[in-house]
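Participant: Okay, handing you the structure first.
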Amino acid sequence: MTLKNKASKTGSVLTSEQKEQALRDMLLVRRFEEKAGQLYGMGLIGGFCHLYIGQEAVVVGIGLVMKQGDRSITSYRDHGQMLVAGMTPRGVMAELTGRSGGYSHGKGGSMHMFSREKEFYGGHGIVGAQVSIGTGLAFASKYRDEDSVSIVYFGDGAVNQGQVYESFNLAALLKLPCLYVIENNRYGMGTSVERASASKDLSQNGSPWGIPSLKVDGMNVEAVYGAAKTAMDHCRSGKGPFLLEMETYRYRGHSMSDPAKYRPRSEVDDMRSHHDPIEMLKSEMLQEGYTEEAFKALDKEIKEIVQDSAIFAQESPLPDEKELWTDILVEA
């Protein structure tokens with residue numbers, strides 16, 4: 001069952017205050033990721049690093065709908081989800097640089113940091129692994145009779161993993177409050193989704209289990225918000241899971257080591273020029289009375305926050321050797 005995404009067809013769905021919040025949050029994610037890319041190039045971030053630049057509207061639009069107690073989980077392209085969940089730029093950047101001030105005490109790096117306080121359950125390096133874990137979080141919500149939703153992000157490269165469909169089956173069978181979000185950025189590592197998936201409409205991938213779905217313009221934060229509200233209202237009402245396919249785009253390579261030569265430069269330029277989520281929202285706000293001066297002031301403020309996080313990370317100490325033996329076992 002696929003529903004029509006009406007959010008981008010019926011005019012604005014965000015209040016002026018929500019638009020300002022969305023613009024702020026998207027700028028924070030964008031500037032943070034740009035700084036992370038710089039630090040990686042300087043050798044201050046090791047291991048893998050997957051940037052979220054271009055996809056900001058997805059997590060920000062959904063974040064505007066989330067309520068306290070909602071849980072989120074995602075893949076290795078996870079910094080945006082962390083920031084929107086309320087994790088501090090300082091703590092995230094410190095973890096990226098392997099410092100003791102990071103959320104996983106410098107042991108998790110880019111792909112493996114968590115915050116129980118903010119109900120963020122990772123960053124996961126195994127493709128598709130987070131989907132079954134996120135379904136388990138939704139099971140916990142229903143078992144405890146909580147009014148919360150589990151938001152599970154995964155990409156077009158993970159949609160064909162077996163555990164994804166096992167999760168769909170369980171969530172539909174038990175009517176779990178689980179929102180599955182496919183971030184279809186067109187390329188799984190270096191392979192286009194057209195070459196990797198026999199399913200030509202990913203929003204339909206939950207249909208064998210009767211999971212309702214929406215295909216959404218994931219570059220339009222208002223469209224994302226409208227679809228997310230419909231989906232999360234469905235989940236909270238006890239009707240079971242919902243699936244959103246976000247048609248989005250990443251401007252950078254799959255990871256920092258990927259030159260992305262498998263796609264034409266003109267494609268990236270077209271997305272930046274005509275579909276950038278920040279520029280589209282900014283343009284709409286300017287027509288409604290927002291000023292260029294206000295945008296510049298906001299951007300300056302965000303850049304200062306991000307620069308502060310970079311300084312904090314570089315000044316934080318490296319983990320003590322004893323950290324090798326902590327957080328590796330839970331006795332229950």
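Letters A, B, ... go to the chains of the structure tokens in the order shown; residues in each chain start at 1; ligands are counted from 1 in the same order.
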List as an NGL selection string the protein and nucleic acid residues near region 160-173 of chain A, meaning an atom at most 12 Å away when only C-alpha atoms are counted, but skip any in the same chain fewer than 2 places from it.
Facilitator: :A and (126-142 or 150 or 152-158 or 175-182 or 188 or 193 or 196-199 or 202 or 204-212 or 235 or 238-243)
Participant: Which neighbours of Ala22 (chain A) fall inside 12 Å, counting only C-alpha atoms, when residues of the same chain fewer than 2 positions from it are skipped, and could you give them as a ChimeraX atom specification?
Facilitator: /A:14-20,24-29,56-65,84,220-222,224-225,277-282,285
Participant: Within 12 Å of region 257-274 of chain A, which residues of region 32-98 of chain A come that close, and what is the closest atom pair and distance in Å for each? Count only C-alpha atoms and give it as CSV.
Facilitator:
residue,atom,partner,partner_atom,distance
A:Gly37,CA,A:Ser257,CA,10.8
A:Tyr40,CA,A:Ser257,CA,10.1
A:Gly41,CA,A:Ser257,CA,10.1
A:Gly46,CA,A:Ser257,CA,11.3
A:Gly47,CA,A:Ser257,CA,10.0
A:Phe48,CA,A:Ser257,CA,8.1
A:Cys49,CA,A:Ser257,CA,8.4
A:His50,CA,A:Ser257,CA,9.2
A:Leu51,CA,A:Ser257,CA,11.2
A:Ile53,CA,A:Arg272,CA,10.4
A:Gly54,CA,A:Arg272,CA,8.0
A:Gln55,CA,A:Met271,CA,11.1
Participant: How about saving the chosen residues, N, CA and C atoms kept, as a tab-separated table (two decimals), in the first residue's frame?
Facilitator:
chain	number	residue	atom	x	y	z
A	37	GLY	N	35.18	16.56	7.37
A	37	GLY	CA	35.94	16.26	6.16
A	37	GLY	C	37.31	16.92	6.19
A	40	TYR	N	39.52	15.06	8.67
A	40	TYR	CA	39.93	13.77	8.10
A	40	TYR	C	41.10	13.99	7.14
A	41	GLY	N	41.01	15.03	6.32
A	41	GLY	CA	42.09	15.33	5.38
A	41	GLY	C	43.39	15.69	6.08
A	46	GLY	N	40.71	9.04	11.99
A	46	GLY	CA	41.18	7.81	11.37
A	46	GLY	C	40.02	6.88	11.05
A	47	GLY	N	40.33	5.80	10.39
A	47	GLY	CA	39.31	4.81	10.06
A	47	GLY	C	38.39	5.31	8.97
A	48	PHE	N	37.16	4.82	8.98
A	48	PHE	CA	36.18	5.21	7.96
A	48	PHE	C	35.43	6.46	8.41
A	49	CYS	N	34.97	7.23	7.43
A	49	CYS	CA	34.20	8.43	7.74
A	49	CYS	C	33.25	8.68	6.57
A	50	HIS	N	31.94	8.57	6.84
A	50	HIS	CA	30.91	8.72	5.80
A	50	HIS	C	30.13	9.99	6.08
A	51	LEU	N	30.17	10.94	5.16
A	51	LEU	CA	29.56	12.24	5.39
A	51	LEU	C	28.12	12.28	4.89
A	53	ILE	N	26.49	15.08	3.83
A	53	ILE	CA	26.25	16.32	3.10
A	53	ILE	C	25.32	16.07	1.92
A	54	GLY	N	24.22	16.81	1.88
A	54	GLY	CA	23.21	16.67	0.85
A	54	GLY	C	21.93	16.02	1.36
A	55	GLN	N	22.04	15.23	2.41
A	55	GLN	CA	20.91	14.45	2.90
A	55	GLN	C	20.27	15.06	4.15
Participant: Identify all residues of region 48-126 of chain A in helix (DSSP H, G or I) (DSSP on the backbone) and supply them as a PDB file with C-alpha atoms, in the first residue's frame.
Facilitator:
ATOM      1  CA  GLU A  56      20.239  16.872   5.760  1.00  0.00           C
ATOM      2  CA  ALA A  57      16.526  17.348   5.064  1.00  0.00           C
ATOM      3  CA  VAL A  58      15.780  13.694   5.815  1.00  0.00           C
ATOM      4  CA  VAL A  59      16.899  13.566   9.423  1.00  0.00           C
ATOM      5  CA  VAL A  60      15.906  17.165  10.187  1.00  0.00           C
ATOM      6  CA  GLY A  61      12.376  16.770   8.823  1.00  0.00           C
ATOM      7  CA  ILE A  62      11.876  13.575  10.806  1.00  0.00           C
ATOM      8  CA  GLY A  63      13.473  15.124  13.875  1.00  0.00           C
ATOM      9  CA  HIS A  79      26.651  12.086  12.316  1.00  0.00           C
ATOM     10  CA  GLY A  80      23.516  13.945  11.227  1.00  0.00           C
ATOM     11  CA  GLN A  81      21.278  11.625  13.238  1.00  0.00           C
ATOM     12  CA  MET A  82      23.470  12.152  16.288  1.00  0.00           C
ATOM     13  CA  LEU A  83      23.274  15.920  16.133  1.00  0.00           C
ATOM     14  CA  VAL A  84      19.523  15.996  15.529  1.00  0.00           C
ATOM     15  CA  PRO A  89      28.914  18.678  18.526  1.00  0.00           C
ATOM     16  CA  ARG A  90      31.786  18.566  21.010  1.00  0.00           C
ATOM     17  CA  GLY A  91      31.088  14.991  22.054  1.00  0.00           C
ATOM     18  CA  VAL A  92      30.563  13.767  18.505  1.00  0.00           C
ATOM     19  CA  MET A  93      33.693  15.449  17.148  1.00  0.00           C
ATOM     20  CA  ALA A  94      35.773  14.198  20.058  1.00  0.00           C
ATOM     21  CA  GLU A  95      34.670  10.658  19.259  1.00  0.00           C
ATOM     22  CA  LEU A  96      35.483  11.120  15.587  1.00  0.00           C
TER      23      LEU A  96
END
Participant: CA of Met42 (chain A) and CA of Asp308 (chain A) are how many Å apart?
Facilitator: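 It comes out at 17.0 Å.
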Participant: Enumerate the residues of region 59-278 of chain A with a DSSP assignment of strand (DSSP E), computed from the backbone, and present them as a PyMOL selection string.
Facilitator: chain A and resi 71-73+150-155+178-184+187-188+191-192+213-217+242-247
Participant: Those residues you just picked out, can you put them in a file as a CSV table (one decimal), in the first residue's frame with N, CA and C atoms?
Facilitator:
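Once everything was written out, this is selection.csv:
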chain,number,residue,atom,x,y,z
A,71,ARG,N,13.1,6.6,19.7
A,71,ARG,CA,14.4,6.1,19.6
A,71,ARG,C,14.8,6.1,18.1
A,72,SER,N,16.1,6.3,17.9
A,72,SER,CA,16.6,6.2,16.5
A,72,SER,C,17.9,5.4,16.4
A,73,ILE,N,18.0,4.8,15.2
A,73,ILE,CA,19.2,4.0,15.0
A,73,ILE,C,19.5,4.1,13.5
A,150,SER,N,10.2,3.8,17.2
A,150,SER,CA,11.6,3.5,16.8
A,150,SER,C,11.8,3.9,15.3
A,151,ILE,N,12.7,4.8,15.1
A,151,ILE,CA,13.0,5.3,13.7
A,151,ILE,C,14.2,4.5,13.3
A,152,VAL,N,14.1,3.8,12.2
A,152,VAL,CA,15.2,2.9,11.7
A,152,VAL,C,15.6,3.4,10.3
A,153,TYR,N,16.8,4.0,10.2
A,153,TYR,CA,17.3,4.5,9.0
A,153,TYR,C,18.2,3.5,8.3
A,154,PHE,N,18.1,3.3,7.0
A,154,PHE,CA,19.0,2.4,6.2
A,154,PHE,C,19.0,2.9,4.8
A,155,GLY,N,20.0,2.5,4.1
A,155,GLY,CA,20.2,3.0,2.7
A,155,GLY,C,19.7,2.1,1.6
A,178,CYS,N,7.2,1.0,14.5
A,178,CYS,CA,8.5,1.1,13.9
A,178,CYS,C,8.4,1.9,12.6
A,179,LEU,N,9.2,2.9,12.4
A,179,LEU,CA,9.2,3.7,11.2
A,179,LEU,C,10.5,3.4,10.5
A,180,TYR,N,10.4,2.7,9.3
A,180,TYR,CA,11.5,2.3,8.5
A,180,TYR,C,11.7,3.4,7.5
A,181,VAL,N,13.0,3.9,7.4
A,181,VAL,CA,13.3,5.0,6.5
A,181,VAL,C,14.4,4.6,5.6
A,182,ILE,N,14.1,4.4,4.3
A,182,ILE,CA,15.1,4.1,3.3
A,182,ILE,C,15.6,5.4,2.8
A,183,GLU,N,16.9,5.7,3.0
A,183,GLU,CA,17.6,6.9,2.5
A,183,GLU,C,18.1,6.5,1.1
A,184,ASN,N,17.4,6.7,0.1
A,184,ASN,CA,17.8,6.3,-1.2
A,184,ASN,C,18.6,7.4,-1.9
A,187,TYR,N,23.1,5.6,-4.8
A,187,TYR,CA,24.3,4.7,-4.9
A,187,TYR,C,24.6,4.0,-3.6
A,188,GLY,N,24.7,2.7,-3.7
A,188,GLY,CA,25.2,1.9,-2.6
A,188,GLY,C,26.7,1.7,-2.8
A,191,THR,N,27.8,1.5,-6.6
A,191,THR,CA,26.8,0.9,-7.6
A,191,THR,C,25.5,1.5,-7.5
A,192,SER,N,25.0,1.9,-8.6
A,192,SER,CA,23.7,2.6,-8.7
A,192,SER,C,22.6,1.6,-8.2
A,213,SER,N,3.2,2.8,3.0
A,213,SER,CA,4.4,3.5,2.7
A,213,SER,C,4.2,4.8,1.9
A,214,LEU,N,5.2,5.7,1.9
A,214,LEU,CA,5.2,6.9,1.1
A,214,LEU,C,6.6,7.0,0.4
A,215,LYS,N,6.5,7.5,-0.8
A,215,LYS,CA,7.7,7.9,-1.5
A,215,LYS,C,7.9,9.4,-1.4
A,216,VAL,N,9.0,9.9,-0.9
A,216,VAL,CA,9.1,11.3,-0.5
A,216,VAL,C,10.3,12.0,-1.1
A,217,ASP,N,10.1,13.3,-1.5
A,217,ASP,CA,11.2,14.1,-1.9
A,217,ASP,C,12.1,14.4,-0.7
A,242,PHE,N,5.5,1.5,9.5
A,242,PHE,CA,5.3,2.4,8.3
A,242,PHE,C,6.7,2.5,7.6
A,243,LEU,N,6.6,2.6,6.3
A,243,LEU,CA,7.9,2.7,5.5
A,243,LEU,C,7.9,4.0,4.7
A,244,LEU,N,9.0,4.7,4.8
A,244,LEU,CA,9.2,5.9,4.0
A,244,LEU,C,10.4,5.7,3.1
A,245,GLU,N,10.3,5.9,1.8
A,245,GLU,CA,11.4,6.0,0.9
A,245,GLU,C,11.8,7.4,0.7
A,246,MET,N,12.9,7.9,1.1
A,246,MET,CA,13.4,9.2,0.9
A,246,MET,C,14.3,9.3,-0.3
A,247,GLU,N,13.8,10.0,-1.3
A,247,GLU,CA,14.7,10.1,-2.5
A,247,GLU,C,15.6,11.3,-2.2
